[in-house]
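Asks: What follows is upload.pdb, PDB, C-alpha atoms.
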ATOM      1  CA  SER W  78     315.367   4.852 127.788  1.00  0.00           C
ATOM      2  CA  VAL W  79     312.750   2.271 126.967  1.00  0.00           C
ATOM      3  CA  CYS W  80     311.133   2.912 130.380  1.00  0.00           C
ATOM      4  CA  ASN W  81     311.048   6.710 130.431  1.00  0.00           C
ATOM      5  CA  ASN W  82     307.490   7.177 129.119  1.00  0.00           C
ATOM      6  CA  ASP W  83     308.704   9.482 126.327  1.00  0.00           C
ATOM      7  CA  THR W  84     310.447  11.945 128.653  1.00  0.00           C
ATOM      8  CA  GLU W  85     314.088  13.020 128.712  1.00  0.00           C
ATOM      9  CA  PHE W  86     314.851  10.947 131.843  1.00  0.00           C
ATOM     10  CA  LEU W  87     317.385   8.138 131.322  1.00  0.00           C
ATOM     11  CA  CYS W  88     315.878   5.987 134.093  1.00  0.00           C
ATOM     12  CA  HIS W  89     319.286   4.874 135.396  1.00  0.00           C
ATOM     13  CA  ASN W  90     318.574   1.853 137.620  1.00  0.00           C
ATOM     14  CA  CYS W  91     314.870   2.593 137.095  1.00  0.00           C
ATOM     15  CA  GLN W  92     315.055   5.977 138.853  1.00  0.00           C
ATOM     16  CA  PRO W  93     313.044   8.096 139.365  1.00  0.00           C
ATOM     17  CA  ALA W  94     310.745   5.153 140.019  1.00  0.00           C
ATOM     18  CA  ALA W  95     307.643   7.354 140.046  1.00  0.00           C
ATOM     19  CA  LEU W  96     308.302   8.178 136.392  1.00  0.00           C
ATOM     20  CA  CYS W  97     310.037   5.036 135.120  1.00  0.00           C
ATOM     21  CA  ARG W  98     307.654   2.533 136.749  1.00  0.00           C
ATOM     22  CA  GLN W  99     304.295   4.183 136.064  1.00  0.00           C
ATOM     23  CA  ASP W 100     301.519   1.570 136.325  1.00  0.00           C
ATOM     24  CA  GLU W 101     304.052  -1.285 136.477  1.00  0.00           C
ATOM     25  CA  ALA W 102     302.807  -3.128 139.584  1.00  0.00           C
ATOM     26  CA  ASP W 103     302.929  -6.513 137.790  1.00  0.00           C
ATOM     27  CA  VAL W 104     306.541  -6.053 136.581  1.00  0.00           C
ATOM     28  CA  PRO W 105     309.433  -7.144 138.815  1.00  0.00           C
ATOM     29  CA  TYR W 106     311.396  -4.100 139.981  1.00  0.00           C
ATOM     30  CA  GLY W 107     314.606  -5.330 138.305  1.00  0.00           C
ATOM     31  CA  MET W 108     312.867  -5.287 134.915  1.00  0.00           C
ATOM     32  CA  CYS W 109     311.617  -1.764 135.654  1.00  0.00           C
ATOM     33  CA  CYS W 110     308.798  -1.472 133.103  1.00  0.00           C
ATOM     34  CA  LYS W 111     306.564  -3.418 130.732  1.00  0.00           C
ATOM     35  CA  ASN W 112     308.518  -2.254 127.683  1.00  0.00           C
ATOM     36  CA  PHE W 113     311.758  -3.776 128.990  1.00  0.00           C
ATOM     37  CA  ARG W 114     309.943  -6.936 130.096  1.00  0.00           C
ATOM     38  CA  ASN W 115     308.584  -7.206 126.538  1.00  0.00           C
ATOM     39  CA  VAL W 116     312.126  -6.858 125.134  1.00  0.00           C
ATOM     40  CA  ILE W 117     313.251  -9.731 127.397  1.00  0.00           C
ATOM     41  CA  LYS W 118     310.290 -11.905 126.357  1.00  0.00           C
ATOM     42  CA  PHE W 119     310.950 -11.172 122.662  1.00  0.00           C
ATOM     43  CA  THR W 120     314.620 -12.071 123.133  1.00  0.00           C
ATOM     44  CA  GLN W 121     313.694 -15.335 124.868  1.00  0.00           C
ATOM     45  CA  GLN W 122     311.353 -16.241 121.994  1.00  0.00           C
ATOM     46  CA  PHE W 123     313.998 -15.269 119.442  1.00  0.00           C
ATOM     47  CA  VAL W 124     316.683 -17.433 121.058  1.00  0.00           C
ATOM     48  CA  ALA W 125     314.257 -20.342 121.415  1.00  0.00           C
ATOM     49  CA  SER W 126     313.243 -20.095 117.751  1.00  0.00           C
ATOM     50  CA  MET W 127     316.871 -19.897 116.609  1.00  0.00           C
ATOM     51  CA  SER W 128     317.671 -23.061 118.544  1.00  0.00           C
ATOM     52  CA  THR W 129     315.118 -25.003 116.484  1.00  0.00           C
ATOM     53  CA  THR W 130     316.183 -23.602 113.097  1.00  0.00           C
ATOM     54  CA  ILE W 131     319.463 -22.624 111.470  1.00  0.00           C
ATOM     55  CA  ALA W 132     321.454 -22.220 114.663  1.00  0.00           C
ATOM     56  CA  SER W 133     320.389 -25.298 116.616  1.00  0.00           C
ATOM     57  CA  ASN W 134     323.897 -26.108 117.844  1.00  0.00           C
ATOM     58  CA  GLN W 135     325.058 -22.538 118.475  1.00  0.00           C
ATOM     59  CA  LEU W 136     326.122 -21.067 121.780  1.00  0.00           C
ATOM     60  CA  TYR W 137     325.145 -17.577 122.881  1.00  0.00           C
ATOM     61  CA  SER W 138     326.623 -14.867 125.062  1.00  0.00           C
ATOM     62  CA  LEU W 139     324.818 -11.839 126.405  1.00  0.00           C
ATOM     63  CA  VAL W 140     326.140  -8.316 126.502  1.00  0.00           C
ATOM     64  CA  GLY W 141     323.934  -5.630 127.985  1.00  0.00           C
ATOM     65  CA  PHE W 142     324.552  -2.081 126.941  1.00  0.00           C
ATOM     66  CA  SER W 143     323.621   1.315 128.166  1.00  0.00           C
ATOM     67  CA  ASN W 144     326.104   4.159 128.642  1.00  0.00           C
ATOM     68  CA  THR W 145     328.673   1.343 128.823  1.00  0.00           C
ATOM     69  CA  ALA W 146     328.472  -2.343 127.959  1.00  0.00           C
ATOM     70  CA  SER W 147     328.253  -5.121 130.553  1.00  0.00           C
ATOM     71  CA  TRP W 148     329.268  -8.672 129.709  1.00  0.00           C
ATOM     72  CA  TYR W 149     326.652 -10.882 131.380  1.00  0.00           C
ATOM     73  CA  THR W 150     327.568 -14.423 130.273  1.00  0.00           C
ATOM     74  CA  ASP W 151     330.199 -16.544 128.644  1.00  0.00           C
ATOM     75  CA  LEU W 152     329.031 -18.805 125.820  1.00  0.00           C
ATOM     76  CA  ILE W 153     325.964 -20.787 126.942  1.00  0.00           C
ATOM     77  CA  THR W 154     323.304 -22.974 125.316  1.00  0.00           C
ATOM     78  CA  PRO W 155     320.015 -21.546 124.056  1.00  0.00           C
ATOM     79  CA  ALA W 156     318.100 -23.131 126.963  1.00  0.00           C
ATOM     80  CA  GLU W 157     320.537 -21.618 129.450  1.00  0.00           C
ATOM     81  CA  MET W 158     320.187 -18.234 127.728  1.00  0.00           C
ATOM     82  CA  VAL W 159     316.385 -18.296 127.896  1.00  0.00           C
ATOM     83  CA  ASP W 160     316.612 -18.957 131.651  1.00  0.00           C
ATOM     84  CA  PHE W 161     319.405 -16.428 132.168  1.00  0.00           C
ATOM     85  CA  LEU W 162     317.406 -13.645 130.525  1.00  0.00           C
ATOM     86  CA  GLU W 163     314.982 -13.791 133.478  1.00  0.00           C
ATOM     87  CA  THR W 164     317.792 -12.449 135.695  1.00  0.00           C
ATOM     88  CA  VAL W 165     318.754  -9.420 133.589  1.00  0.00           C
ATOM     89  CA  ILE W 166     318.389  -6.131 135.464  1.00  0.00           C
ATOM     90  CA  TYR W 167     317.351  -2.955 133.647  1.00  0.00           C
ATOM     91  CA  THR W 168     320.055  -0.282 133.786  1.00  0.00           C
ATOM     92  CA  GLY W 169     318.629   2.625 131.784  1.00  0.00           C
ATOM     93  CA  GLY W 170     320.762   5.227 130.074  1.00  0.00           C
ATOM     94  CA  LEU W 171     321.689   5.808 126.454  1.00  0.00           C
ATOM     95  CA  THR W 172     322.869   3.152 123.985  1.00  0.00           C
ATOM     96  CA  ASN W 173     326.631   3.108 123.487  1.00  0.00           C
ATOM     97  CA  HIS W 174     326.844   1.150 120.218  1.00  0.00           C
ATOM     98  CA  GLU W 175     330.637   1.250 120.001  1.00  0.00           C
ATOM     99  CA  ASP W 176     331.145  -0.271 123.452  1.00  0.00           C
ATOM    100  CA  ALA W 177     328.383  -2.802 122.808  1.00  0.00           C
ATOM    101  CA  ILE W 178     329.856  -4.058 119.541  1.00  0.00           C
ATOM    102  CA  GLU W 179     333.363  -4.179 120.988  1.00  0.00           C
ATOM    103  CA  SER W 180     332.102  -6.204 123.980  1.00  0.00           C
ATOM    104  CA  CYS W 181     330.176  -8.538 121.680  1.00  0.00           C
ATOM    105  CA  HIS W 182     333.353  -9.270 119.711  1.00  0.00           C
ATOM    106  CA  VAL W 183     335.210 -10.102 122.926  1.00  0.00           C
ATOM    107  CA  SER W 184     332.374 -12.303 124.192  1.00  0.00           C
ATOM    108  CA  LEU W 185     332.454 -14.375 120.994  1.00  0.00           C
ATOM    109  CA  ASP W 186     336.233 -14.811 120.867  1.00  0.00           C
ATOM    110  CA  GLY W 187     336.052 -18.206 122.578  1.00  0.00           C
ATOM    111  CA  SER W 188     333.729 -19.715 119.987  1.00  0.00           C
ATOM    112  CA  PRO W 189     335.251 -21.929 117.285  1.00  0.00           C
ATOM    113  CA  ASP W 190     331.975 -21.748 115.325  1.00  0.00           C
ATOM    114  CA  THR W 191     330.741 -19.151 112.881  1.00  0.00           C
ATOM    115  CA  LYS W 192     330.059 -16.000 114.864  1.00  0.00           C
ATOM    116  CA  ARG W 193     326.881 -13.973 114.548  1.00  0.00           C
ATOM    117  CA  MET W 194     326.097 -10.767 116.359  1.00  0.00           C
ATOM    118  CA  ILE W 195     322.523  -9.662 116.908  1.00  0.00           C
ATOM    119  CA  LEU W 196     321.851  -6.300 118.544  1.00  0.00           C
ATOM    120  CA  LEU W 197     318.473  -5.657 120.103  1.00  0.00           C
ATOM    121  CA  ILE W 198     318.338  -1.947 120.754  1.00  0.00           C
ATOM    122  CA  THR W 199     315.530  -0.373 122.743  1.00  0.00           C
ATOM    123  CA  GLY W 200     316.512   3.199 123.498  1.00  0.00           C
ATOM    124  CA  LYS W 201     318.284   6.291 122.262  1.00  0.00           C
ATOM    125  CA  SER W 202     321.908   6.231 121.103  1.00  0.00           C
ATOM    126  CA  MET W 203     324.665   8.358 122.533  1.00  0.00           C
TER     127      MET W 203
END
Could I get this file's structure written as structure tokens?
Replies:
Amino acid sequence: SVCNNDTEFLCHNCQPAALCRQDEADVPYGMCCKNFRNVIKFTQQFVASMSTTIASNQLYSLVGFSNTASWYTDLITPAEMVDFLETVIYTGGLTNHEDAIESCHVSLDGSPDTKRMILLITGKSM
């Protein structure tokens, strides 16, 4: 878990909070810790930069993954994605790559454009 402060805890739903949220008073509870907030900020910057370069007309979908994958959005514009990322809730757990990649494929099925998959992985794999 990106929020576990190098312990063996998986910080599912940011629990135990005493361990997963150490010194995180300025981080919204849903984001759990500064490390996850930094991942979200990096992703927002990445999407924004892609929208001004090679993929300016591309649509994006978001799949979150932990022990299982969660499909967060259908295809949306880069500006919508940057805003949507503010609402993502930290789940904790291990990274299930197989479920994540499978869910990404499904989320991109509706796109007639060239499909690209980018995985931002922050924790330990299963």
Asks: If we count only C-alpha atoms and set the cut-off at 8 Å, which residues sit around region 133-142 of chain W, ignoring sequence neighbours fewer than 5 positions away in its own chain? Please answer as a list in words.
Replies: Met127, Ser128, Ser147, Trp148, Tyr149, Thr150, Asp151, Leu152, Ile153, Thr154, Pro155, Met158, Thr172, Asn173, His174, Asp176, Ala177, Ser180, Cys181, Ser184, Leu185, Ser188 and Asp190 of chain W
Asks: Would you translate the PyMOL selection byres ((chain W and resi 96) around 10) into the concrete set of residues it matches in this file, as a list in words?
Replies: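 Those residues are Cys80, Asn81, Asn82, Thr84, Phe86, Cys88, Cys91, Gln92, Pro93, Ala94, Ala95, Cys97, Arg98, Gln99 and Asp100 of chain W.
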Asks: Given all atoms listed in the file as the basis, pick out the residue of W:Ile166, W:Asn90, W:Asp160, W:Ser143 nearest to Ile198 (chain W).
Replies: W:Ser143
Asks: One decimal, Å: what's the distance from CA of Glu163 (chain W) over to CA of Asn115 (chain W), could you say?
Replies: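 That distance, rounded to one decimal, is 11.5 Å.
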Asks: Quick one: distance from CA of Leu196 (chain W) to CA of Ser126 (chain W) in Å, one decimal?
Replies: 16.3 Å
Asks: Return as a short mmCIF file (atom, residue, chain, number, x, y, z; two decimals) with C-alpha atoms, in the coordinates of the input the set of residues that the PyMOL selection byres ((chain W and resi 123) around 12) yields on the displayed structure.
Replies:
data_model
loop_
_atom_site.label_atom_id
_atom_site.label_comp_id
_atom_site.auth_asym_id
_atom_site.auth_seq_id
_atom_site.Cartn_x
_atom_site.Cartn_y
_atom_site.Cartn_z
CA VAL W 116 312.13 -6.86 125.13
CA ILE W 117 313.25 -9.73 127.40
CA LYS W 118 310.29 -11.90 126.36
CA PHE W 119 310.95 -11.17 122.66
CA THR W 120 314.62 -12.07 123.13
CA GLN W 121 313.69 -15.34 124.87
CA GLN W 122 311.35 -16.24 121.99
CA VAL W 124 316.68 -17.43 121.06
CA ALA W 125 314.26 -20.34 121.42
CA SER W 126 313.24 -20.10 117.75
CA MET W 127 316.87 -19.90 116.61
CA SER W 128 317.67 -23.06 118.54
CA THR W 129 315.12 -25.00 116.48
CA THR W 130 316.18 -23.60 113.10
CA ALA W 132 321.45 -22.22 114.66
CA TYR W 137 325.14 -17.58 122.88
CA PRO W 155 320.02 -21.55 124.06
CA ALA W 156 318.10 -23.13 126.96
CA MET W 158 320.19 -18.23 127.73
CA VAL W 159 316.38 -18.30 127.90
CA LEU W 162 317.41 -13.64 130.52
CA ILE W 195 322.52 -9.66 116.91
CA LEU W 196 321.85 -6.30 118.54
CA LEU W 197 318.47 -5.66 120.10
#
